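File shown: upload_19.tsv. Contents: TSV, C-alpha atoms.
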chain	number	residue	atom	x	y	z
T	1	MET	CA	-224.96	-64.81	222.25
T	2	LEU	CA	-221.61	-65.83	220.81
T	3	THR	CA	-221.01	-64.37	217.35
T	4	LYS	CA	-218.36	-64.87	214.70
T	5	ASP	CA	-217.19	-61.27	215.11
T	6	LYS	CA	-216.59	-61.80	218.86
T	7	VAL	CA	-214.56	-64.95	218.18
T	8	GLN	CA	-212.53	-63.24	215.46
T	9	ALA	CA	-211.74	-60.31	217.75
T	10	PHE	CA	-210.71	-62.69	220.53
T	11	LEU	CA	-208.43	-64.70	218.22
T	12	LYS	CA	-206.71	-61.46	217.29
T	13	GLU	CA	-206.46	-60.43	220.95
T	14	ILE	CA	-204.68	-63.66	221.96
T	15	GLU	CA	-202.47	-63.36	218.85
T	16	VAL	CA	-203.31	-66.67	217.14
T	17	ASP	CA	-205.31	-65.27	214.22
T	18	ASP	CA	-202.35	-65.87	211.90
T	19	LEU	CA	-202.52	-69.62	212.74
T	20	VAL	CA	-206.25	-69.91	211.99
T	21	GLN	CA	-207.32	-70.95	208.49
T	22	ASN	CA	-211.06	-71.23	209.08
T	23	PHE	CA	-213.58	-71.07	211.91
T	24	GLN	CA	-217.35	-71.41	212.32
T	25	VAL	CA	-219.73	-70.64	215.18
T	26	MET	CA	-222.81	-72.85	215.55
T	27	GLY	CA	-224.70	-72.07	218.76
T	28	ASN	CA	-222.35	-72.90	221.63
T	29	ASP	CA	-219.99	-74.89	219.39
T	30	VAL	CA	-216.91	-73.19	217.91
T	31	TYR	CA	-215.09	-75.06	215.13
T	32	ILE	CA	-211.54	-73.88	214.42
T	33	ASP	CA	-209.05	-75.17	211.85
T	34	MET	CA	-205.52	-74.00	212.61
T	35	THR	CA	-201.86	-74.84	212.03
T	36	ALA	CA	-199.39	-75.41	214.86
T	37	HIS	CA	-196.00	-73.69	215.04
T	38	SER	CA	-194.28	-77.09	214.94
T	39	PRO	CA	-195.27	-80.65	213.94
T	40	ALA	CA	-194.05	-81.94	217.32
T	41	MET	CA	-196.79	-83.67	219.31
T	42	HIS	CA	-196.07	-81.75	222.54
T	43	GLU	CA	-196.44	-78.41	220.70
T	44	LYS	CA	-199.86	-79.40	219.39
T	45	LYS	CA	-200.98	-80.47	222.87
T	46	LYS	CA	-199.76	-77.22	224.43
T	47	LEU	CA	-201.59	-75.20	221.76
T	48	GLU	CA	-204.81	-77.18	222.27
T	49	ALA	CA	-204.69	-76.79	226.07
T	50	ALA	CA	-203.94	-73.06	225.85
T	51	MET	CA	-206.80	-72.46	223.36
T	52	LYS	CA	-209.35	-74.34	225.47
T	53	GLN	CA	-208.31	-72.52	228.64
T	54	ALA	CA	-208.44	-69.12	226.91
T	55	PHE	CA	-211.90	-69.73	225.42
T	56	ALA	CA	-213.31	-71.04	228.72
T	57	SER	CA	-211.99	-67.97	230.57
T	58	GLU	CA	-213.37	-65.55	227.99
T	59	PHE	CA	-216.70	-67.10	227.02
T	60	GLY	CA	-217.52	-69.56	229.84
T	61	GLU	CA	-217.48	-73.30	230.28
T	62	GLU	CA	-220.65	-73.81	228.24
T	63	ILE	CA	-218.78	-72.97	225.03
T	64	VAL	CA	-217.50	-76.14	223.31
T	65	LEU	CA	-214.29	-75.57	221.34
T	66	LYS	CA	-213.65	-78.14	218.61
T	67	LEU	CA	-210.12	-77.80	217.28
T	68	LYS	CA	-208.47	-79.31	214.25
T	69	ILE	CA	-204.73	-78.62	214.44
T	70	ALA	CA	-202.67	-79.41	211.35
T	71	SER	CA	-198.92	-79.80	211.01
T	72	PRO	CA	-197.08	-76.93	209.32
T	73	GLU	CA	-195.14	-77.28	206.10
T	74	PRO	CA	-191.47	-78.00	206.84
T	75	SER	CA	-189.44	-74.82	207.14
T	76	GLU	CA	-185.90	-74.40	205.83
T	77	ILE	CA	-184.61	-75.06	209.34
T	78	GLN	CA	-186.71	-78.22	209.69
T	79	GLN	CA	-185.56	-79.43	206.28
T	80	SER	CA	-181.95	-79.07	207.46
T	81	GLN	CA	-182.57	-80.83	210.77
T	82	ILE	CA	-179.98	-83.34	211.98
T	83	LYS	CA	-181.48	-86.61	210.79
T	84	GLY	CA	-179.79	-89.90	210.03
T	85	LYS	CA	-180.56	-92.59	207.51
T	86	GLN	CA	-183.16	-95.21	208.32
T	87	ILE	CA	-181.78	-98.60	209.38
T	88	GLN	CA	-183.33	-101.25	207.16
T	89	GLY	CA	-185.67	-103.55	209.05
T	90	ILE	CA	-185.98	-101.38	212.18
T	91	GLN	CA	-189.40	-99.80	212.57
T	92	ASN	CA	-189.06	-97.58	215.66
T	93	ILE	CA	-185.93	-96.26	217.36
T	94	ILE	CA	-186.57	-95.11	220.93
T	95	ALA	CA	-183.96	-93.16	222.90
T	96	ILE	CA	-184.05	-93.82	226.66
T	97	ALA	CA	-182.43	-90.76	228.22
T	98	SER	CA	-181.95	-88.78	231.41
T	99	GLY	CA	-180.33	-85.50	232.18
T	100	LYS	CA	-178.66	-86.93	235.28
T	101	GLY	CA	-176.83	-90.12	236.21
T	102	GLY	CA	-177.95	-92.48	238.94
T	103	VAL	CA	-181.69	-92.33	238.20
T	104	GLY	CA	-181.96	-95.97	237.06
T	105	LYS	CA	-182.26	-95.26	233.34
T	106	SER	CA	-180.49	-98.47	232.27
T	107	THR	CA	-182.65	-100.53	234.62
T	108	VAL	CA	-185.79	-98.99	233.12
T	109	ALA	CA	-184.50	-99.58	229.58
T	110	ALA	CA	-183.72	-103.25	230.31
T	111	ASN	CA	-187.11	-103.90	231.88
T	112	MET	CA	-188.98	-102.12	229.07
T	113	ALA	CA	-187.05	-104.21	226.52
T	114	VAL	CA	-188.03	-107.56	228.08
T	115	THR	CA	-191.60	-106.31	228.57
T	116	LEU	CA	-191.88	-105.44	224.87
T	117	ALA	CA	-190.44	-108.86	223.98
T	118	ASN	CA	-192.99	-110.59	226.24
T	119	MET	CA	-195.75	-108.60	224.50
T	120	GLY	CA	-194.77	-110.17	221.20
T	121	PHE	CA	-192.60	-107.44	219.67
T	122	LYS	CA	-189.19	-107.97	218.07
T	123	VAL	CA	-186.83	-105.94	220.25
T	124	GLY	CA	-183.21	-104.85	220.31
T	125	ILE	CA	-181.29	-102.71	222.78
T	126	LEU	CA	-178.14	-100.73	222.04
T	127	ASP	CA	-176.05	-99.82	225.08
T	128	ALA	CA	-174.80	-96.36	224.06
T	129	ASP	CA	-173.17	-95.67	227.43
T	130	ILE	CA	-169.65	-96.20	226.11
T	131	TYR	CA	-167.92	-95.38	229.42
T	132	GLY	CA	-170.29	-97.27	231.75
T	133	PRO	CA	-171.95	-100.15	229.87
T	134	SER	CA	-174.45	-102.06	231.99
T	135	VAL	CA	-176.44	-104.16	229.48
T	136	PRO	CA	-174.09	-107.21	229.71
T	137	THR	CA	-174.63	-107.38	233.48
T	138	MET	CA	-178.37	-106.71	233.41
T	139	PHE	CA	-178.99	-109.40	230.78
T	140	ASP	CA	-176.61	-112.01	232.24
T	141	THR	CA	-174.40	-111.94	229.15
T	142	GLU	CA	-171.06	-110.87	230.62
T	143	GLY	CA	-168.19	-112.48	228.76
T	144	ALA	CA	-170.23	-113.01	225.58
T	145	LYS	CA	-168.61	-112.02	222.29
T	146	PRO	CA	-170.58	-111.11	219.15
T	147	ILE	CA	-169.66	-113.27	216.16
T	148	THR	CA	-169.34	-112.13	212.55
T	149	VAL	CA	-171.98	-113.15	210.01
T	150	GLU	CA	-172.27	-112.62	206.27
T	151	VAL	CA	-175.35	-110.67	205.16
T	152	ASP	CA	-175.70	-109.83	201.45
T	153	GLY	CA	-171.96	-110.22	201.00
T	154	LYS	CA	-171.13	-107.92	203.91
T	155	SER	CA	-169.53	-108.93	207.23
T	156	LEU	CA	-171.68	-107.77	210.15
T	157	MET	CA	-171.72	-108.22	213.92
T	158	LYS	CA	-174.41	-110.56	215.20
T	159	PRO	CA	-176.00	-109.10	218.38
T	160	ILE	CA	-176.01	-111.14	221.57
T	161	GLU	CA	-179.51	-112.40	222.45
T	162	ASN	CA	-181.19	-113.26	225.76
T	163	TYR	CA	-184.79	-113.15	227.03
T	164	GLY	CA	-185.92	-112.49	223.44
T	165	VAL	CA	-183.90	-109.23	223.21
T	166	LYS	CA	-181.00	-108.60	220.80
T	167	MET	CA	-178.17	-106.58	222.38
T	168	LEU	CA	-174.95	-104.80	221.51
T	169	SER	CA	-172.70	-103.00	223.98
T	170	ILE	CA	-169.09	-101.86	224.15
T	171	GLY	CA	-168.98	-104.13	227.23
T	172	TYR	CA	-168.90	-107.15	224.90
T	173	PHE	CA	-165.66	-105.91	223.32
T	174	SER	CA	-163.76	-104.60	226.36
T	175	GLY	CA	-162.77	-106.64	229.39
T	176	ALA	CA	-164.94	-106.56	232.50
T	177	ASN	CA	-162.29	-104.61	234.44
T	178	GLN	CA	-160.95	-102.62	231.50
T	179	ALA	CA	-161.63	-98.88	231.46
T	180	VAL	CA	-162.66	-97.36	228.13
T	181	VAL	CA	-160.47	-94.26	227.87
T	182	TRP	CA	-161.53	-92.69	224.57
T	183	ARG	CA	-162.02	-89.18	223.31
T	184	GLY	CA	-165.44	-88.22	221.92
T	185	PRO	CA	-164.77	-88.93	218.20
T	186	MET	CA	-163.43	-92.42	218.93
T	187	ALA	CA	-166.42	-93.25	221.15
T	188	SER	CA	-168.79	-91.94	218.47
T	189	LYS	CA	-167.12	-94.06	215.79
T	190	ALA	CA	-167.46	-97.22	217.91
T	191	LEU	CA	-171.11	-96.42	218.52
T	192	ASN	CA	-171.80	-95.87	214.83
T	193	GLN	CA	-170.23	-99.24	214.02
T	194	MET	CA	-172.52	-100.98	216.50
T	195	ILE	CA	-175.50	-99.30	214.85
T	196	ARG	CA	-174.61	-99.68	211.16
T	197	ASP	CA	-172.36	-102.75	211.07
T	198	ALA	CA	-174.72	-105.03	212.98
T	199	ALA	CA	-177.14	-107.68	211.73
T	200	TRP	CA	-180.15	-106.43	213.72
T	201	GLY	CA	-182.62	-108.07	211.34
T	202	GLU	CA	-186.31	-107.19	211.61
T	203	LEU	CA	-187.11	-105.19	214.76
T	204	ASP	CA	-190.28	-103.46	215.90
T	205	PHE	CA	-188.24	-101.51	218.47
T	206	LEU	CA	-184.60	-100.64	218.93
T	207	LEU	CA	-184.13	-99.08	222.37
T	208	ILE	CA	-181.01	-96.93	222.72
T	209	ASP	CA	-179.81	-96.65	226.31
T	210	LEU	CA	-178.11	-93.24	226.24
T	211	PRO	CA	-175.53	-92.03	228.77
T	212	PRO	CA	-176.54	-89.24	231.20
T	213	GLY	CA	-176.43	-85.60	230.16
T	214	THR	CA	-176.15	-84.04	226.71
T	215	GLY	CA	-172.98	-84.41	224.68
T	216	ASP	CA	-171.06	-86.12	221.88
T	217	ILE	CA	-172.79	-89.48	222.15
T	218	HIS	CA	-176.26	-87.95	222.00
T	219	LEU	CA	-175.40	-85.86	218.96
T	220	SER	CA	-173.79	-88.87	217.26
T	221	ILE	CA	-176.98	-90.91	217.71
T	222	ILE	CA	-179.13	-88.10	216.35
T	223	GLN	CA	-176.83	-87.66	213.35
T	224	GLU	CA	-176.61	-91.37	212.63
T	225	VAL	CA	-180.22	-92.57	212.94
T	226	PRO	CA	-183.71	-91.04	212.75
T	227	VAL	CA	-184.85	-91.41	216.36
T	228	THR	CA	-188.62	-91.93	216.44
T	229	GLY	CA	-189.05	-90.60	219.96
T	230	ALA	CA	-187.42	-90.16	223.35
T	231	VAL	CA	-188.42	-91.49	226.77
T	232	ILE	CA	-187.02	-89.51	229.71
T	233	VAL	CA	-186.27	-91.18	233.06
T	234	SER	CA	-186.01	-89.22	236.30
T	235	THR	CA	-186.41	-89.53	240.04
T	236	PRO	CA	-188.83	-87.18	241.85
T	237	GLN	CA	-186.36	-84.90	243.63
T	238	HIS	CA	-185.79	-81.34	242.48
T	239	VAL	CA	-182.08	-81.70	241.67
T	240	ALA	CA	-182.79	-84.56	239.23
T	241	LEU	CA	-185.73	-82.80	237.58
T	242	ALA	CA	-183.65	-79.67	237.00
T	243	ASP	CA	-181.22	-81.73	234.89
T	244	VAL	CA	-184.08	-83.57	233.18
T	245	LYS	CA	-185.36	-80.24	231.87
T	246	LYS	CA	-182.06	-79.77	230.05
T	247	GLY	CA	-182.28	-83.24	228.55
T	248	ILE	CA	-185.80	-82.59	227.28
T	249	ALA	CA	-184.72	-79.19	225.95
T	250	MET	CA	-182.03	-80.91	223.86
T	251	PHE	CA	-184.57	-83.14	222.11
T	252	GLN	CA	-186.89	-80.17	221.56
T	253	MET	CA	-184.21	-77.95	219.97
T	254	GLU	CA	-185.37	-76.66	216.60
T	255	SER	CA	-182.50	-78.34	214.75
T	256	ILE	CA	-183.20	-81.71	216.44
T	257	ASN	CA	-186.96	-81.78	217.11
T	258	ILE	CA	-187.31	-85.34	218.38
T	259	PRO	CA	-190.71	-85.93	220.01
T	260	VAL	CA	-190.59	-86.68	223.73
T	261	LEU	CA	-192.99	-89.60	224.20
T	262	GLY	CA	-193.18	-89.13	227.95
T	263	LEU	CA	-191.52	-89.11	231.34
T	264	ILE	CA	-190.99	-92.12	233.62
T	265	GLU	CA	-190.61	-91.42	237.33
T	266	ASN	CA	-188.25	-94.05	238.71
T	267	MET	CA	-187.85	-94.75	242.46
T	268	SER	CA	-191.16	-92.92	242.77
T	269	TYR	CA	-192.00	-94.29	246.23
T	270	PHE	CA	-191.03	-97.08	248.63
T	271	THR	CA	-193.45	-99.77	249.76
T	272	PRO	CA	-192.20	-102.26	252.39
T	273	GLU	CA	-192.98	-105.88	251.57
T	274	GLU	CA	-194.60	-106.34	254.99
T	275	LEU	CA	-196.79	-103.19	254.52
T	276	PRO	CA	-197.99	-103.44	250.89
T	277	ASP	CA	-200.56	-100.64	251.29
T	278	ASN	CA	-198.05	-98.08	252.55
T	279	LYS	CA	-196.16	-95.68	250.28
T	280	TYR	CA	-193.19	-93.64	251.47
T	281	TYR	CA	-192.07	-90.83	249.15
T	282	ILE	CA	-188.37	-90.87	250.00
T	283	PHE	CA	-187.26	-88.62	247.12
T	284	GLY	CA	-190.32	-86.34	247.05
T	285	ASN	CA	-193.86	-86.61	245.77
T	286	GLN	CA	-195.22	-85.92	242.26
T	287	GLY	CA	-192.13	-84.05	241.05
T	288	ALA	CA	-192.28	-85.68	237.61
T	289	GLN	CA	-196.03	-85.06	237.31
T	290	PHE	CA	-195.62	-81.33	237.90
T	291	LEU	CA	-192.73	-81.14	235.41
T	292	ALA	CA	-194.69	-83.12	232.81
T	293	GLU	CA	-197.66	-80.77	233.17
T	294	ASP	CA	-195.42	-77.74	232.74
T	295	LEU	CA	-193.83	-79.20	229.59
T	296	GLY	CA	-197.01	-80.66	228.12
T	297	ILE	CA	-195.75	-84.26	228.01
T	298	PRO	CA	-197.36	-87.37	229.57
T	299	VAL	CA	-196.14	-89.33	232.58
T	300	LEU	CA	-195.80	-92.89	231.30
T	301	GLY	CA	-195.40	-94.56	234.66
T	302	GLU	CA	-194.23	-94.47	238.27
T	303	ILE	CA	-191.75	-97.20	239.12
T	304	PRO	CA	-191.44	-97.89	242.87
T	305	LEU	CA	-188.21	-98.34	244.81
T	306	VAL	CA	-188.24	-102.13	245.26
T	307	GLN	CA	-185.35	-104.27	246.42
T	308	SER	CA	-186.12	-107.04	243.92
T	309	ILE	CA	-185.58	-104.64	240.97
T	310	ARG	CA	-182.00	-104.00	242.10
T	311	GLU	CA	-181.38	-107.67	242.91
T	312	SER	CA	-182.77	-108.78	239.54
T	313	GLY	CA	-180.54	-106.34	237.67
T	314	ASP	CA	-177.46	-107.51	239.60
T	315	VAL	CA	-178.04	-111.19	238.74
T	316	GLY	CA	-178.92	-110.45	235.12
T	317	ARG	CA	-182.63	-111.26	235.08
T	318	PRO	CA	-184.75	-108.06	234.75
T	319	ALA	CA	-187.55	-107.77	237.33
T	320	ALA	CA	-190.22	-107.46	234.60
T	321	LEU	CA	-189.70	-111.21	233.96
T	322	GLN	CA	-191.22	-112.02	237.37
T	323	GLU	CA	-194.56	-113.43	236.19
T	324	ASN	CA	-197.75	-112.23	237.91
T	325	SER	CA	-195.77	-109.86	240.15
T	326	LYS	CA	-196.73	-106.28	240.97
T	327	ILE	CA	-193.54	-104.90	239.44
T	328	ALA	CA	-194.07	-106.79	236.16
T	329	GLU	CA	-197.59	-105.32	236.01
T	330	ILE	CA	-196.24	-101.78	236.58
T	331	TYR	CA	-193.64	-102.16	233.82
T	332	ARG	CA	-196.26	-103.58	231.45
T	333	THR	CA	-198.59	-100.62	232.07
T	334	THR	CA	-195.71	-98.17	231.63
T	335	THR	CA	-194.67	-99.85	228.37
T	336	GLN	CA	-198.24	-99.84	227.06
T	337	ASN	CA	-198.43	-96.11	227.79
T	338	MET	CA	-195.21	-95.61	225.84
T	339	ILE	CA	-196.66	-97.51	222.86
T	340	GLU	CA	-199.86	-95.45	222.98
T	341	SER	CA	-197.85	-92.23	223.03
T	342	LEU	CA	-195.74	-93.54	220.12
T	343	VAL	CA	-198.81	-94.44	218.05
T	344	GLU	CA	-200.19	-90.95	218.60
T	345	ARG	CA	-196.85	-89.42	217.64
T	346	ASN	CA	-196.66	-91.49	214.45
T	347	LYS	CA	-200.22	-90.57	213.53
T	348	ASN	CA	-199.68	-86.83	213.88
T	349	LEU	CA	-196.21	-86.29	212.43
T	350	PRO	CA	-195.48	-86.24	208.67
T	351	ALA	CA	-195.38	-89.68	207.08
T	352	THR	CA	-191.74	-89.28	206.07
T	353	GLU	CA	-190.75	-89.24	209.76
T	354	ALA	CA	-193.42	-91.52	211.16
T	355	VAL	CA	-193.42	-95.33	211.12
T	356	LYS	CA	-196.67	-97.16	211.74
T	357	ILE	CA	-196.78	-99.98	214.29
T	358	THR	CA	-198.46	-102.95	212.66
T	359	THR	CA	-198.88	-105.10	215.79
T	360	MET	CA	-200.23	-103.65	219.01
T	361	ALA	CA	-200.05	-106.76	221.27
T	362	GLY	CA	-203.24	-105.87	223.11
T	363	CYS	CA	-202.65	-102.12	223.23
T	364	SER	CA	-204.90	-99.52	221.66
T	365	PRO	CA	-204.23	-95.80	221.33
T	366	LYS	CA	-206.11	-93.50	223.67
T	367	ASN	CA	-208.81	-91.38	222.10
T	368	LYS	CA	-207.28	-87.94	222.44
T	369	LYS	CA	-208.19	-84.91	220.41
T	370	VAL	CA	-205.17	-83.49	218.66
Would you mind writing the file's structure down as structure tokens?
Amino acid sequence: MLTKDKVQAFLKEIEVDDLVQNFQVMGNDVYIDMTAHSPAMHEKKKLEAAMKQAFASEFGEEIVLKLKIASPEPSEIQQSQIKGKQIQGIQNIIAIASGKGGVGKSTVAANMAVTLANMGFKVGILDADIYGPSVPTMFDTEGAKPITVEVDGKSLMKPIENYGVKMLSIGYFSGANQAVVWRGPMASKALNQMIRDAAWGELDFLLIDLPPGTGDIHLSIIQEVPVTGAVIVSTPQHVALADVKKGIAMFQMESINIPVLGLIENMSYFTPEELPDNKYYIFGNQGAQFLAEDLGIPVLGEIPLVQSIRESGDVGRPAALQENSKIAEIYRTTTQNMIESLVERNKNLPATEAVKITTMAGCSPKNKKV
């Protein structure tokens, strides 16, 4: 029979007794109240999974572990984290990132933006890839120039708008064939102006399409605005996933601590149009799934390698706008999963850092124990 003394001894053995505030044993049910090391959602999930596995191994599958994991009080390090000031009117700022170039991150960001707009959200996208802006091409707005508007006595840039998405990019200010040859501080200053000196208005989501890697631009974004969460894009092959780990590690640094909402596997498989039931895993199979399991983050979606996605991006009409198509359905499911992960993140992090979503557009958070 399971006793309180046995549970207490086991908690000490697995070295989590200092995290436990209270526990009770009632038959085969064990109730434990504990505090996580970090308020980050992925840390809580990892702790919950490790506890359940440890208890099942020690006491058997018939024991039901019921955990209540609280967020810790902010430490001195957390209080000094790199956080920017909230942008008035913007509810959630989502960084779309990758550790490696060429994985289709901008394509994913563009299609998620139009999907969110079609779901009824107010959406903006900031093209933070100063040296390789692609938003003007992907949204068929090349050659457009933001105008200046007066807001509360201040002159601000009015974002370009198409398909229900507001956009700003350095591509609107430089010529189509003009190279942007700037050092880091100059690029960061231009980026900060597009964030702060723009009339974004009321937005449910501002997606920030980050450049590949980890560097000046990423740090500038983190310093300038409080990023609600990050979405990581990768392809399945090992060389891409190795770089993705570094990108995720940047967001999870103690001084940054931005929740990773999930991983999107782009170019996941190839299905020929004439053989719709066939899947060919050109770049490998389930690479993102294995990485996500290791890191304790969800896989939000698997985007196939489809010719129409590339063609749609080239002509400036994102593939997610193709009504009743398979690819539009995949992007919608992926976007819904991102929203569910975001709702869970906002529910479990301190209120000062979390922003509630007031309209779910048909989505509901998954019932997950946290």
Using all atoms listed in the file, which residues of region 89-165 of chain T come within 12 Å of region 231-248 of chain T, and what is the closest atom pair for each, with the distance in Å to one decimal? Give it as a tab-separated table, sorted by chain and residue number.
residue	atom	partner	partner_atom	distance
T:Ile93	CA	T:Val231	CA	10.8
T:Ile94	CA	T:Val231	CA	7.1
T:Ala95	CA	T:Val231	CA	6.1
T:Ile96	CA	T:Val231	CA	5.0
T:Ala97	CA	T:Ile232	CA	5.0
T:Ser98	CA	T:Val233	CA	5.2
T:Gly99	CA	T:Val244	CA	4.3
T:Lys100	CA	T:Asp243	CA	5.8
T:Gly101	CA	T:Ala240	CA	8.7
T:Gly102	CA	T:Thr235	CA	9.0
T:Val103	CA	T:Ser234	CA	5.7
T:Gly104	CA	T:Val233	CA	7.6
T:Lys105	CA	T:Val233	CA	5.7
T:Ser106	CA	T:Val233	CA	9.3
T:Thr107	CA	T:Val233	CA	10.1
T:Val108	CA	T:Val233	CA	7.8
T:Ala109	CA	T:Val233	CA	9.3
T:Met112	CA	T:Val231	CA	10.9
Produce a file of the selected residues containing C-alpha atoms, as a CSV table (one decimal), in the coordinates of the input.
chain,number,residue,atom,x,y,z
T,93,ILE,CA,-185.9,-96.3,217.4
T,94,ILE,CA,-186.6,-95.1,220.9
T,95,ALA,CA,-184.0,-93.2,222.9
T,96,ILE,CA,-184.0,-93.8,226.7
T,97,ALA,CA,-182.4,-90.8,228.2
T,98,SER,CA,-182.0,-88.8,231.4
T,99,GLY,CA,-180.3,-85.5,232.2
T,100,LYS,CA,-178.7,-86.9,235.3
T,101,GLY,CA,-176.8,-90.1,236.2
T,102,GLY,CA,-178.0,-92.5,238.9
T,103,VAL,CA,-181.7,-92.3,238.2
T,104,GLY,CA,-182.0,-96.0,237.1
T,105,LYS,CA,-182.3,-95.3,233.3
T,106,SER,CA,-180.5,-98.5,232.3
T,107,THR,CA,-182.6,-100.5,234.6
T,108,VAL,CA,-185.8,-99.0,233.1
T,109,ALA,CA,-184.5,-99.6,229.6
T,112,MET,CA,-189.0,-102.1,229.1
Exercise for the section: May I have the residues within 9 Å of Phe173 (chain T) as a PyMOL selection string, using only C-alpha atoms and disregarding those fewer than 2 positions away in the same chain? Expected result: chain T and resi 143-146+169-171+175
Exercise for the section: Record the distance separating CA of Glu43 (chain T) and CA of Gly296 (chain T), expressed in Å with one decimal. Expected result: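 Taking CA of Glu43 (chain T) as the start and CA of Gly296 (chain T) as the end point, the length is 7.8 Å.
Using all atoms listed in the file for every distance, the candidate list T:Thr137, T:Gln53, T:Asn92, T:Asn285 yields T:Asn92 as the residue closest to Val123 (chain T).
For the pair CA of Ala113 (chain T) and CA of Gly262 (chain T), the interatomic distance is 16.3 Å.
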Practice task
Rank nothing, just name the residue among T:Thr141, T:Thr228, T:Thr333, T:Gln21 nearest to Gln91 (chain T), using all atoms listed in the file.
Solution key: T:Thr228
Practice task
Could you check how far CA of Tyr172 (chain T) sits from CA of Ile147 (chain T), in Å to one decimal?
Solution key: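 Separation of CA of Tyr172 (chain T) and CA of Ile147 (chain T): 10.7 Å.
With all atoms listed in the file as the atoms that count, the minimum distance from Val315 (chain T) to the choices T:Phe139, T:Ile330, T:Ile303, T:Ala54 is reached by T:Phe139.
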Problem - Close residues, Leu261 (chain T) itself excluded, 10 Å, all atoms listed in the file, min 6 positions apart in chain, as a list in words - result: Met41, His42, Ile94, Ala95, Thr228, Gly229, Ala230, Val231, Ile232, Ile297, Pro298, Val299, Leu300, Asn337, Met338, Ile339, Glu340, Ser341, Leu342, Val343, Glu344 and Arg345 of chain T
Handout entry: Selected residue, from T:Gly89, T:Gln252, T:Ala288, T:Lys279, that lies nearest to Asn266 (chain T) when counting all atoms listed in the file
Key =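 Of T:Gly89, T:Gln252, T:Ala288, T:Lys279, the one nearest Asn266 (chain T) is T:Ala288, counting all atoms listed in the file.
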Practice task
Do a neighbour search on Pro304 (chain T) at 7 Å with all atoms listed in the file, toss out local chain neighbours closer than 3 positions, and write the hits as a PyMOL selection string.
Solution key: chain T and resi 266-270
